[in-house]
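A.B. asks: This structure is in structure tokens; I'll ask about it shortly.
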Amino acid sequence: MTDSPELSSVPLELVPLPGSERPRATGITPASVPLDADSTAQATLILRRRDHMTTADAEGGHLSNEQLAARFGADSADAALVGTTLTALGLRVLSTDLPSRRIRIEGSLTTLARVFGTSQAAATIDGVAAPHRLRSGALSIPAQLDGIVTAVLGLDNRPQAQPQFRVSSASAASVSYTPVQLGELYQFPAGTDGTGQTIAIIELGGGFETADLKTYFTALGVGSPSVTAVGVDGAVNEPGKDPTGADGEVLLDIEVIGALSPAAKILVYFAPNTDAGFVDAVSDAAHATPTPTSMSISWGQSEDQWTAQARTALDDALLDAAALGVTVTAAAGDNGSADASGGTGKHADFPASSPHALACGGTSLHSKGTVISSETVWNDGTGGGATGGGISDVFALPSWQKGVGVPAAAKPGGRGVPDVAGNADPETGYQVLVDGTHAVYGGTSAVAPLWAALVARLAESLGSPLGLLQPKLYPLHAALHDITSGNNGAYKAKKGWDACTGLGTPNGTAILAGLQAAKK
């Protein structure tokens with residue numbers, strides 16, 4: 001689709017879009033076939049809120065979607081102005097969602113480049129065969145939208161996040177557990193199974209076969225959990241295409257949640273692995289009807305690998321989730337305090353570093369029967385993986401972490417990661433079934449769904465969602481198993497909170513008792 005001369009001649013004054021700067025990608029090779037300038041692409045625009053929203057506004061977690069839209073959604077006049085402006089410039093508005101403040105647009109690459117002041121090139125990244133659209137530098141927006149549009153996502157479709165799991169070889173795993181066994185070890189509340197609860201899972205690739213799930217859950221004797229795939233931005237459930245990668249993440253997440261909260265309704269949101277896909281998946285899940293009790297995210301990337309606009313947009317989506325009563329659990333990363341294979345320095349993983357997500361670190365767990373005999377920080381050394389954890393360079397120290405001993409940050413910021421932990425060592429890992437093959441998986445990817453399942457069972461017993469859990473959980477630190485041995489590189493475990501395992505691993509029954517007492 002070529003731009004018409006009339007559209008190309010429409011006067012266009014652009015202003016910079018703050019936080020949109022993207023550094024030039026590393027490890028890239030120009031594609032043999034350049035981008036077709038007449039081909040189309042889609043993007044997600046984020047609009048400003050009607051009124052500023054804070055963490056304190058979300059702590060109650062009792063807003064309906066309609067109430068959130070009225071107070072903190074996008075203004076209809078803003079959305080109308082964006083729509084008419086972009087349509088006049090040759091773009092198409094595909095959808096508008098005022099509660100989540102998103103407008104989805106489509107246009108030719110030529111028009112998108114003109115309207116947002118950028119250029120794109122096709123390239124492969126680190127040898128990945130499929131080429132991606134890459135941009136560098138900052139974006140601009142039409143001047144009349146200055147202050148209204150806060151982010152333009154998806155113009156660059158390089159992978160934004162990676163799954164946080166590790167596969168153990170049969171010879172390496174010294175011991176392994178079914179999720180049901182871990183639920184017993186962590187004393188998930190008796191008499192609960194997730195009845196009446198909905199759990200959302202965010203996936204940025206891969207897929208599952210229903211036959212695998214039926215075989216797995218039948219063997220565990222937990223019945224037939226309800227699992228439904230939901231497509232986002234054109235992505236769908238695609239099993240079998242990546243059995244050693246994204247499929248493993250998808251099945252690990254579903255099997256842990258389904259085994260530990262078998263009566264819950266499980267919705268698996270599949271989205272493209274881009275900044276737009278990630279934000280859209282979280283927003284779609286948070287604003288769904290019924291509102292999910294918990295949301296599990298096992299994908300992430302170091303904070304500094306995000307543009308500021310994308311990081312803010314996703315954090316805002318997590319803030320919406322908290323205000324609606326959703327508890328979001330996020331994997332803290334599998335590459336130690338450096339948060340990257342072969343990386344140096346200290347980096348926290350995002351979205352776990354968001355104060356609006358319950359950040360989940362990892363341990364190495366050994367047991368005798370149904371009792372934990374020892375639990376230490378997961379760290380298998382260079383190349384073997386270790387729990388992520390550290391101090392955010394972006395997010396300020398939240399109120400509930402004041403006084404728990406979070407070290408000072410090197411840059412403005414200070415939110416400590418993780419909040420909690422659970423078994424993550426592949427050598428003491430989870431028994432799963434992936435694309436017909438039995439395997440043992442580890443990684444903090446397993447801990448996020450474990451906590452999401454626990455949250456569903458706590459909410460079932462309490463009769464209400466937990467929303468932003470940290471303000472309620474930190475005063476109950478004695479209800480968690482404190483991990484005091486081990487390190488993740490730069491940080492060591494110690495009594496109380498630490499940047500390896502947070503407050504520790506759960507005693508679900510004790511946590512429930514503490515939450516019940518706090519409600520009286």
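Letters for chains follow the order of the structure tokens (A, B, ...), residue numbers begin at 1 for each chain, and ligand numbers begin at 1 in the order shown.
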Within 8 Å of Gly496 in chain A, counting only C-alpha atoms, which residues show up once you throw out same-chain ones fewer than 3 positions away? Write them as an mmCIF file with N, CA and C atoms, in the first residue's frame, please.
C.D. replies:
```cif
data_model
loop_
_atom_site.group_PDB
_atom_site.id
_atom_site.type_symbol
_atom_site.label_atom_id
_atom_site.label_comp_id
_atom_site.auth_asym_id
_atom_site.auth_seq_id
_atom_site.Cartn_x
_atom_site.Cartn_y
_atom_site.Cartn_z
ATOM 1 N N VAL A 404 13.584 -3.241 56.006
ATOM 2 C CA VAL A 404 13.882 -4.676 55.908
ATOM 3 C C VAL A 404 15.332 -4.936 55.500
ATOM 4 N N HIS A 477 6.252 -11.884 57.684
ATOM 5 C CA HIS A 477 7.521 -12.535 57.302
ATOM 6 C C HIS A 477 7.790 -13.807 58.101
ATOM 7 N N ASP A 482 12.635 -18.630 56.140
ATOM 8 C CA ASP A 482 13.753 -17.723 55.879
ATOM 9 C C ASP A 482 14.954 -18.507 55.352
ATOM 10 N N THR A 484 18.821 -18.586 54.636
ATOM 11 C CA THR A 484 19.967 -17.852 55.182
ATOM 12 C C THR A 484 21.306 -18.346 54.665
ATOM 13 N N GLY A 502 14.441 -12.939 48.931
ATOM 14 C CA GLY A 502 13.440 -12.069 49.533
ATOM 15 C C GLY A 502 13.127 -12.462 50.958
ATOM 16 N N LEU A 503 11.835 -12.556 51.272
ATOM 17 C CA LEU A 503 11.406 -12.958 52.612
ATOM 18 C C LEU A 503 11.558 -14.456 52.832
#
```
A.B. asks: Residues of range 227-408 of chain A classed as strand (DSSP E or B) by DSSP on the backbone are to be reported as an NGL selection string.
C.D. replies: :A and (227-231 or 265-270 or 294-297 or 299-302 or 327-331 or 335 or 349-350 or 358-368 or 371-377 or 379 or 386 or 390-396)
A.B. asks: For Val167 in chain A, which residue out of A:Val434, A:Val377, A:Ile297, A:Ile28 is the nearest one, using only C-alpha atoms?
C.D. replies: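 The shortest atom-to-atom distance to Val167 in chain A comes from A:Val434.
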A.B. asks: Using only C-alpha atoms, determine which residues lie at most 7 Å from Ser392 in chain A, disregarding the query and same-chain residues fewer than 6 positions distant; provide the list as a count of residues only.
C.D. replies: 6
A.B. asks: Name the closest residue to Pro34 in chain A among the candidates A:Leu134, A:Val82, A:Leu112, A:Leu17; distances are taken between atoms, counting only C-alpha atoms.
C.D. replies: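 Ranking A:Leu134, A:Val82, A:Leu112, A:Leu17 by distance to Pro34 in chain A, first place goes to A:Leu134.
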A.B. asks: Grab the CA of Glu203 in chain A to CA of Val250 in chain A distance for me, in Å with one decimal place.
C.D. replies: 6.6 Å
A.B. asks: Using only C-alpha atoms, find each residue of range 362-407 of chain A with at least one atom at most 10 Å away from an atom of range 318-334 of chain A; report its shortest atom-to-atom pair and that distance in Å (one decimal), sort the rows by chain and rising residue number, and return the result as CSV.
C.D. replies:
```
residue,atom,partner,partner_atom,distance
A:Gly362,CA,A:Ala332,CA,8.1
A:Trp378,CA,A:Asp334,CA,9.2
A:Asn379,CA,A:Asp334,CA,9.1
A:Gly384,CA,A:Asp334,CA,9.1
A:Gly385,CA,A:Asp334,CA,5.5
A:Ala386,CA,A:Asp334,CA,5.2
A:Thr387,CA,A:Asp334,CA,4.9
A:Gly388,CA,A:Gly333,CA,4.3
A:Gly389,CA,A:Ala332,CA,6.2
A:Gly390,CA,A:Ala332,CA,9.2
```
A.B. asks: Can you write just those residues out, C-alpha atoms, as a PDB file, in the first residue's frame?
C.D. replies:
```pdb
ATOM      1  CA  GLY A 362      14.705 -19.343  43.533  1.00  0.00           C
ATOM      2  CA  TRP A 378      19.782 -21.576  43.990  1.00  0.00           C
ATOM      3  CA  ASN A 379      23.199 -21.037  42.419  1.00  0.00           C
ATOM      4  CA  GLY A 384      24.375 -23.474  35.382  1.00  0.00           C
ATOM      5  CA  GLY A 385      22.045 -20.685  36.413  1.00  0.00           C
ATOM      6  CA  ALA A 386      21.296 -18.865  39.627  1.00  0.00           C
ATOM      7  CA  THR A 387      18.363 -16.953  41.008  1.00  0.00           C
ATOM      8  CA  GLY A 388      18.053 -13.368  39.920  1.00  0.00           C
ATOM      9  CA  GLY A 389      17.877 -10.655  42.528  1.00  0.00           C
ATOM     10  CA  GLY A 390      19.181  -7.212  43.232  1.00  0.00           C
TER      11      GLY A 390
END
```
A.B. asks: Go through A:Ala43, A:Ile266, A:Ala313, A:Leu454 one by one, measure the shortest atom-to-atom distance of each to Gly19 in chain A using only C-alpha atoms, and give the residue with the smallest value.
C.D. replies: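 Closest to Gly19 in chain A, using only C-alpha atoms: A:Ala313.
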A.B. asks: Among the residues of range 245-411 of chain A, find those DSSP assigns to alpha helix (DSSP H) from the backbone and print them as a tab-separated table (two decimals) with C-alpha atoms, in the first residue's frame.
C.D. replies:
```tsv
chain	number	residue	atom	x	y	z
A	246	ALA	CA	8.97	-21.58	24.52
A	247	ASP	CA	6.87	-24.77	24.61
A	248	GLY	CA	8.76	-25.77	27.74
A	249	GLU	CA	7.88	-22.46	29.37
A	250	VAL	CA	4.20	-22.75	28.46
A	251	LEU	CA	3.79	-26.31	29.71
A	252	LEU	CA	5.81	-25.68	32.88
A	253	ASP	CA	3.56	-22.75	33.77
A	254	ILE	CA	0.31	-24.57	33.02
A	255	GLU	CA	1.31	-27.83	34.71
A	256	VAL	CA	2.50	-26.16	37.91
A	257	ILE	CA	-0.66	-24.05	38.20
A	258	GLY	CA	-3.01	-26.83	37.12
A	259	ALA	CA	-1.52	-29.31	39.56
A	260	LEU	CA	-1.58	-26.90	42.51
A	275	ASP	CA	7.18	-4.61	23.90
A	276	ALA	CA	3.69	-4.08	22.47
A	277	GLY	CA	2.80	-7.76	22.77
A	278	PHE	CA	3.90	-7.91	26.41
A	279	VAL	CA	1.94	-4.80	27.41
A	280	ASP	CA	-1.14	-5.86	25.45
A	281	ALA	CA	-1.17	-9.35	26.97
A	282	VAL	CA	-0.93	-8.05	30.55
A	283	SER	CA	-3.58	-5.40	29.86
A	284	ASP	CA	-5.96	-7.84	28.18
A	285	ALA	CA	-5.60	-10.27	31.08
A	286	ALA	CA	-5.97	-7.66	33.83
A	308	ALA	CA	11.76	3.88	29.33
A	309	GLN	CA	8.39	4.26	27.58
A	310	ALA	CA	7.85	0.49	27.35
A	311	ARG	CA	8.94	-0.12	30.92
A	312	THR	CA	6.57	2.58	32.17
A	313	ALA	CA	3.71	1.27	30.03
A	314	LEU	CA	4.10	-2.26	31.38
A	315	ASP	CA	4.46	-1.03	34.96
A	316	ASP	CA	1.26	0.99	34.50
A	317	ALA	CA	-0.50	-2.15	33.22
A	318	LEU	CA	0.65	-3.96	36.37
A	319	LEU	CA	-0.60	-1.03	38.46
A	320	ASP	CA	-4.00	-1.37	36.79
A	321	ALA	CA	-3.97	-5.08	37.60
A	322	ALA	CA	-3.30	-4.38	41.28
A	323	ALA	CA	-6.09	-1.80	41.42
```
A.B. asks: Please determine, counting only C-alpha atoms, which residue among A:Val406, A:Ala493, A:Leu476, A:Leu512 has the shortest atom-to-atom distance to Gly361 in chain A.
C.D. replies: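 Checking each candidate against Gly361 in chain A, we get A:Ala493 as the closest.
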A.B. asks: Identify, on the basis of only C-alpha atoms, every residue whose closest approach to Gln67 in chain A does not exceed 9 Å; exclude the query and any residue fewer than 5 positions from it along the same chain; express the result as a list in words.
C.D. replies: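 Using only C-alpha atoms, the neighbours found are Phe72, Gly73 and Pro99 of chain A.
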A.B. asks: Using only C-alpha atoms, can you tell me which of A:Gly221, A:Pro407, A:Ala510, A:Ala113 comes closest to Ile141 in chain A?
C.D. replies: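 Counting only C-alpha atoms, the residue closest to Ile141 in chain A is A:Ala113.
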A.B. asks: What does the structure give for the distance between CA of Ser108 in chain A and CA of Gly231 in chain A, in Å to one decimal?
C.D. replies: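 Going from CA of Ser108 in chain A over to CA of Gly231 in chain A covers 23.3 Å.
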A.B. asks: Using only C-alpha atoms, which of A:Ala219, A:Cys360, A:Ala271, A:Ala396 sits nearest Pro506 in chain A?
C.D. replies: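 Ranking A:Ala219, A:Cys360, A:Ala271, A:Ala396 by distance to Pro506 in chain A, first place goes to A:Cys360.
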A.B. asks: CA of Asp193 in chain A and CA of Thr428 in chain A are how many Å apart?
C.D. replies: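 Answer for the CA of Asp193 in chain A to CA of Thr428 in chain A separation: 24.5 Å.
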